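Asker: The following block contains the structure, expressed as structure tokens.
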Amino acid sequence: MTADPNALPLSIRNLTFRYRIREDAAIDAIHLDLHPGELMLVAGASGSGKTTLMRCINGLIPRSYRGELEGEILLYGEDMREMSMAQLSQKVGTLLQDPERQIVSSYVLNEVAFGLENLGLPREEILPRVDEALGYLNISHLRDRETFSLSGGEKQKIALAGVLVMRPSILILDEPLASLDPASAHEALHLFRRMADEGISIMLVEHRVDEVLAIQPDSVFYMEGGKTVYQGKPAGLMAVADYHKLKLPAEEVMQRARQTAAPVYAPVVGKDGRGETLLEFKHVSFRYDSDLPLVLYDISFNVNKGDIIGVLGPNGAGKSTLVKHALGLLKPSEGDVLLQGQSTRDKTVAQAAHTVGYVFQNPGQMLFAPTVQEELAFGPHNLRMDAETTAKNVDWAVNTVNMAEYRESPPLALSFGQQKRVSIAAILAMRSRILMMDEPTAGQDYWNYRAFMDAILQMPGFDAVIFITHDVDLAVVYANRVLLVSEGRLAADGRPQDVMADEALLRRCRVLPTSLLNLNLKHLPRTGRFMRAEQLAHAIG
């Protein structure tokens with residue numbers, strides 16, 4: 001069959017797929033059309049079928065994921081089942097949620113050129129196309145960098161360049177904002193809008209619906225339980241979407257919450273930030289090598305019992321480097337870090353783990369056990385907890401992150417979002433005094449991340465919680481203290497109401513106000529504190 005140049009870029013009819021290991025269909029009777037230059041938001045909670053749909057479109061189903069596939073997928077009128085993966089890759093480009101899974105080369109130039117090399121194109125054609133892709137994304141300065149040295153946001157942009165260099169006409173973006181700071185996410189969304197306006201058809205899978213709506217997507221495809229709930233213009237989504245499951249604009253949530261009873265949230269247990277000092281940073285500076293410049297500059301602050309600290313700042317600011325010092329994974333080049341009064345220079349990481357539990361940004365760096373159950377029991381066992389305590393902690397942890405049904409599943413076979421929840425649960429089960437989480441909500445749907453954050457903070461067990469996040473609203477809702485990190489320096493440390501009221505400071509640190517932050521600041525003189533939109537609806541009448 002020859003492709004019809006007048007046909008739609010993508011046409012799906014009655015698409016149903018059931019994985020070989022599952023009884024129920026992951027997607028059921030999906031109908032969908034994607035037009036030239038259309039930017040389509042694909043929304044839905046975890047497990048709604050979004051990833052399965054994307055795998056069908058980019059050919060991973062049925063080539064890599066086996067099961068029963070029914071229905072029809074046409075690319076420009078051509079049945080995609082008759083196309084090779086090489087042909088597909090030049091029509092459909094996919095940006096994965098986790099850039100670590102997509103990057104295969106040691107250097108940026110080689111990474112971006114990888115797909116073209118696999119097509120056997122000559123070097124004199126490859127290099128100009130690589131430079132064109134890097135220039136289009138304004139990242140030409142990364143051309144000769146080693147990929148391992150890049151920040152998470154930079155890796156995401158390099159992975160996107162590797163897709164764009166193939167010049168696909170259809171682009172699938174799977175949670176592309178997950179690793180990006182607020183300003184970078186804002187820039188990325190406007191880039192996607194520009195790409196669509198220039199003719200690329202884009203399917204954007206994203207949990208941060210409120211942010212995507214700001215760039216006026218042309219259409220929305222909303223799924224639940226593998227079925228289509230809504231398909232049409234963005235305005236119609238508000239009438240059918242559950243604001244507990246999708247992150248909608250704060251004003252919309254407040255208006256709808258007024259029609260329901262006032263929500264009741266359990267009080268946060270013992271979190272007032274006025275207790276004993278657990279962790280001290282004393283004039284900490286750090287460089288990875290004596291020949292390299294400093295990454296952290298003269299940072300001092302304490303963590304006290306009762307603190308819930310949100311650490312905000314741009315990609316590459318030094319946030320992850322900072323918190324790794326608390327566990328002794330890194331040692332200061334200058335200054336000192338004291339954990340319960342003792343220098344981390346004198347503690348092993350295993351000893352520090354009794355006090356600090358650390359959840360890595362990339363779950364693949366943590367997970368190794370054959371089952372989720374064994375993964376969660378590993379830490380308590382190493383801390384010499386008895387069998388009864390271990391079982392109790394594992395039960396609490398796996399239920400807190402809503403992963404009980406996956407106890408016997410291999411962690412590394414789960415989705416990125418599910419792996420993230422398992423990595424959090426593995427640290428929860430250890431019951432350390434300080435819980436530190438690096439991007440805990442990356443790849444999580446709105447309902448799940450609220451559920452486990454509520455569970456963590458409303459149950460006794462942790463004396464302090466620190467989370468690095470690009471999600472400003474996470475700090476608005478949960479933090480009683482905010483650290484703002486920029487260019488390796490501590491730019492601010494204080495109450496969220498104080499730090500986040502300084503818009504000029506936030507923007508200098510590439511942190512952008514959200515609809516929820518703006519709504520809270522507007523009503524702060526009446527409320528005296530930050531709240532969820534649902535609470536605000538009833539607090540201000």
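FYI, nothing fancy with the structure tokens labels: chains A, B, ... in order, residues from 1 per chain, ligands from 1 as they appear.
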Name the residues in contact with A:Ser89 at a cut-off of 8 Å, using only C-alpha atoms, excluding same-chain residues fewer than 4 positions from it; report them as a VMD selection string.
Answerer: chain A and resid 58 85 93 166 168
Asker: Mind checking DSSP for stretch 21-249 of chain A and telling me the helix (DSSP H, G or I) residues as a ChimeraX atom specification?
Answerer: /A:50-58,60-63,80-82,85-89,99-101,108-118,123-136,140-142,147-149,152-164,182-197,209-213,234-240
Asker: Per DSSP on the backbone, filter stretch 27-100 of chain A down to the residues in strand (DSSP E or B) and report them as JSON, numbers by chain.
Answerer: {"A": [27, 28, 29, 30, 31, 32, 33, 34, 39, 40, 41, 42, 43, 67, 68, 69, 70, 71, 72, 73, 74, 75, 78, 79, 92, 93, 94, 95]}
Asker: Residues as selected, N, CA and C atoms, written as a compact mmCIF listing (two decimals), in the first residue's frame, can you do that?
Answerer:
```txt
# COMPACT_ATOMS: atom_id res chain seq x y z
N ILE A 27 -6.47 -1.27 26.50
CA ILE A 27 -7.26 -0.25 25.80
C ILE A 27 -8.39 -0.97 25.06
N ASP A 28 -9.52 -0.29 24.94
CA ASP A 28 -10.70 -0.98 24.43
C ASP A 28 -11.46 -0.07 23.46
N ALA A 29 -11.53 -0.50 22.20
CA ALA A 29 -12.34 0.15 21.17
C ALA A 29 -12.03 1.64 21.02
N ILE A 30 -10.75 1.96 20.83
CA ILE A 30 -10.33 3.35 20.70
C ILE A 30 -10.49 3.83 19.26
N HIS A 31 -11.14 4.99 19.11
CA HIS A 31 -11.24 5.68 17.82
C HIS A 31 -10.57 7.04 17.98
N LEU A 32 -9.71 7.40 17.02
CA LEU A 32 -8.96 8.64 17.17
C LEU A 32 -8.43 9.10 15.81
N ASP A 33 -8.52 10.40 15.55
CA ASP A 33 -7.92 11.01 14.37
C ASP A 33 -6.99 12.13 14.80
N LEU A 34 -5.81 12.19 14.19
CA LEU A 34 -4.85 13.26 14.45
C LEU A 34 -4.60 13.99 13.13
N LEU A 39 -2.04 19.71 17.93
CA LEU A 39 -1.45 19.41 19.23
C LEU A 39 -2.55 18.82 20.11
N MET A 40 -2.46 17.53 20.37
CA MET A 40 -3.47 16.82 21.13
C MET A 40 -2.94 16.47 22.52
N LEU A 41 -3.64 16.89 23.56
CA LEU A 41 -3.31 16.49 24.93
C LEU A 41 -3.98 15.16 25.22
N VAL A 42 -3.19 14.17 25.63
CA VAL A 42 -3.72 12.87 26.04
C VAL A 42 -3.63 12.80 27.56
N ALA A 43 -4.79 12.75 28.22
CA ALA A 43 -4.84 12.84 29.68
C ALA A 43 -5.50 11.61 30.27
N GLY A 67 0.68 -9.61 22.80
CA GLY A 67 -0.70 -9.73 23.27
C GLY A 67 -1.65 -9.79 22.10
N GLU A 68 -2.94 -9.58 22.37
CA GLU A 68 -3.97 -9.63 21.35
C GLU A 68 -4.28 -8.21 20.88
N LEU A 69 -4.02 -7.94 19.61
CA LEU A 69 -4.24 -6.62 19.03
C LEU A 69 -5.33 -6.69 17.98
N GLU A 70 -6.34 -5.84 18.14
CA GLU A 70 -7.42 -5.76 17.18
C GLU A 70 -7.60 -4.31 16.74
N GLY A 71 -8.17 -4.12 15.58
CA GLY A 71 -8.42 -2.77 15.09
C GLY A 71 -7.41 -2.35 14.04
N GLU A 72 -7.43 -1.06 13.72
CA GLU A 72 -6.64 -0.55 12.60
C GLU A 72 -5.95 0.76 12.97
N ILE A 73 -4.67 0.86 12.57
CA ILE A 73 -3.91 2.10 12.72
C ILE A 73 -3.35 2.45 11.35
N LEU A 74 -3.74 3.63 10.84
CA LEU A 74 -3.27 4.08 9.54
C LEU A 74 -2.40 5.32 9.71
N LEU A 75 -1.22 5.29 9.08
CA LEU A 75 -0.34 6.45 9.03
C LEU A 75 -0.36 6.97 7.59
N GLU A 78 -1.74 4.48 5.29
CA GLU A 78 -1.03 3.21 5.14
C GLU A 78 -1.11 2.41 6.43
N ASP A 79 -1.43 1.14 6.33
CA ASP A 79 -1.52 0.26 7.49
C ASP A 79 -0.12 0.11 8.10
N VAL A 92 7.05 8.46 12.89
CA VAL A 92 6.61 8.64 14.27
C VAL A 92 7.84 8.71 15.17
N GLY A 93 8.01 9.84 15.86
CA GLY A 93 9.08 9.98 16.83
C GLY A 93 8.51 9.95 18.23
N THR A 94 9.23 9.30 19.16
CA THR A 94 8.74 9.17 20.54
C THR A 94 9.78 9.69 21.52
N LEU A 95 9.36 10.58 22.40
CA LEU A 95 10.20 11.03 23.50
C LEU A 95 9.70 10.35 24.77
```
Asker: Residues near stretch 260-263 of chain A, anyone? I mean within 8 Å using only C-alpha atoms, not counting same-chain ones fewer than 2 positions away, as a list in words.
Answerer: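 That gives Arg256, Ala257, Arg258, Tyr265, Glu534, Gln535 and His538 of chain A.
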Asker: May I have the residues from that selection written out with C-alpha atoms, as a PDB file, in the first residue's frame?
Answerer:
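To be explicit, this is the file written out as again-v4.pdb:
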```pdb
ATOM      1  CA  ARG A 256     -16.282  23.285  41.295  1.00  0.00           C
ATOM      2  CA  ALA A 257     -15.308  22.604  44.916  1.00  0.00           C
ATOM      3  CA  ARG A 258     -17.795  25.244  46.058  1.00  0.00           C
ATOM      4  CA  TYR A 265      -7.821  16.554  55.724  1.00  0.00           C
ATOM      5  CA  GLU A 534     -10.600  22.863  47.457  1.00  0.00           C
ATOM      6  CA  GLN A 535      -9.901  24.290  50.909  1.00  0.00           C
ATOM      7  CA  HIS A 538     -14.677  27.128  51.456  1.00  0.00           C
TER       8      HIS A 538
END
```
Asker: Excluding stretch 520-522 of chain A and residues on its chain fewer than 6 positions from it, collect all residues at most 12 Å away from it, counting only C-alpha atoms, and give them as a PDB file with C-alpha atoms, in the first residue's frame.
Answerer:
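The file below, selection_6.pdb, is the result:
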```pdb
ATOM      1  CA  ALA A 250      -6.816  26.195  40.457  1.00  0.00           C
ATOM      2  CA  GLU A 251      -9.617  28.634  39.641  1.00  0.00           C
ATOM      3  CA  MET A 254     -12.155  26.237  43.391  1.00  0.00           C
ATOM      4  CA  ASP A 473       2.236  23.328  43.896  1.00  0.00           C
ATOM      5  CA  VAL A 476       2.546  25.263  48.159  1.00  0.00           C
ATOM      6  CA  VAL A 477       0.384  22.454  49.566  1.00  0.00           C
ATOM      7  CA  PRO A 496       6.518  29.363  51.714  1.00  0.00           C
ATOM      8  CA  GLN A 497       4.322  32.445  52.177  1.00  0.00           C
ATOM      9  CA  ASP A 498       7.433  34.623  52.393  1.00  0.00           C
ATOM     10  CA  VAL A 499       9.784  33.027  49.858  1.00  0.00           C
ATOM     11  CA  MET A 500       7.149  32.400  47.189  1.00  0.00           C
ATOM     12  CA  ALA A 501       5.631  35.864  47.444  1.00  0.00           C
ATOM     13  CA  ASP A 502       8.769  37.308  45.838  1.00  0.00           C
ATOM     14  CA  GLU A 503       7.967  36.763  42.158  1.00  0.00           C
ATOM     15  CA  PRO A 513       4.159  31.073  39.769  1.00  0.00           C
ATOM     16  CA  THR A 514       1.294  28.639  39.204  1.00  0.00           C
ATOM     17  CA  GLY A 528      -2.919  33.497  56.642  1.00  0.00           C
ATOM     18  CA  ARG A 529      -1.558  30.321  55.064  1.00  0.00           C
ATOM     19  CA  PHE A 530      -1.337  28.380  51.820  1.00  0.00           C
ATOM     20  CA  MET A 531      -4.105  25.881  51.053  1.00  0.00           C
ATOM     21  CA  ARG A 532      -5.327  23.506  48.373  1.00  0.00           C
ATOM     22  CA  ALA A 533      -7.813  25.005  45.951  1.00  0.00           C
ATOM     23  CA  GLU A 534     -10.600  22.863  47.457  1.00  0.00           C
ATOM     24  CA  GLN A 535      -9.901  24.290  50.909  1.00  0.00           C
ATOM     25  CA  LEU A 536      -9.677  27.840  49.588  1.00  0.00           C
ATOM     26  CA  ALA A 537     -13.114  27.504  48.024  1.00  0.00           C
ATOM     27  CA  ALA A 539     -12.218  29.235  53.469  1.00  0.00           C
ATOM     28  CA  ILE A 540     -13.009  32.423  51.562  1.00  0.00           C
TER      29      ILE A 540
END
```
Asker: Excluding A:Asp307 and its own-chain neighbours fewer than 2 positions away, which residues fall within 12 Å of it when counting only C-alpha atoms? Please give them as an MDAnalysis selection string.
Answerer: chainID A and resid 268:279 302:305 309:310 433:436 457 462:467 478:483 494:495
Asker: Have a look at atom CA of A:Lys392 and atom CA of A:Ala429 and let me know their distance in Å, one decimal.
Answerer: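 Calculated distance between atom CA of A:Lys392 and atom CA of A:Ala429 is 8.5 Å.
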Asker: Quote the spacing between atom CA of A:Phe148 and atom CA of A:Ser106 in Å to one decimal place.
Answerer: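 Atom-to-atom, atom CA of A:Phe148 to atom CA of A:Ser106, that is 6.9 Å.
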Asker: Restricting the calculation to only C-alpha atoms: of A:Ile427, A:Ile158, A:Leu294, A:Ser432, which residue gets closest to A:Ala352?
Answerer: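 Selected residue with least distance to A:Ala352: A:Ser432.
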Asker: Please report, as a Markdown table, each residue of stretch 484-534 of chain A lying at most 6 Å from stretch 312-320 of chain A, together with the nearest pair of atoms and the separation in Å rounded to one decimal; use only C-alpha atoms, and order rows by chain and ascending residue number.
Answerer:
```
| residue | atom | partner | partner_atom | distance |
| --- | --- | --- | --- | --- |
| A:Leu484 | CA | A:Leu312 | CA | 5.0 |
| A:Val485 | CA | A:Gly313 | CA | 5.0 |
| A:Ser486 | CA | A:Ala317 | CA | 4.9 |
| A:Glu487 | CA | A:Ala317 | CA | 4.7 |
| A:Gly488 | CA | A:Gly318 | CA | 5.1 |
| A:Cys509 | CA | A:Gly313 | CA | 5.8 |
| A:Arg510 | CA | A:Pro314 | CA | 5.5 |
```
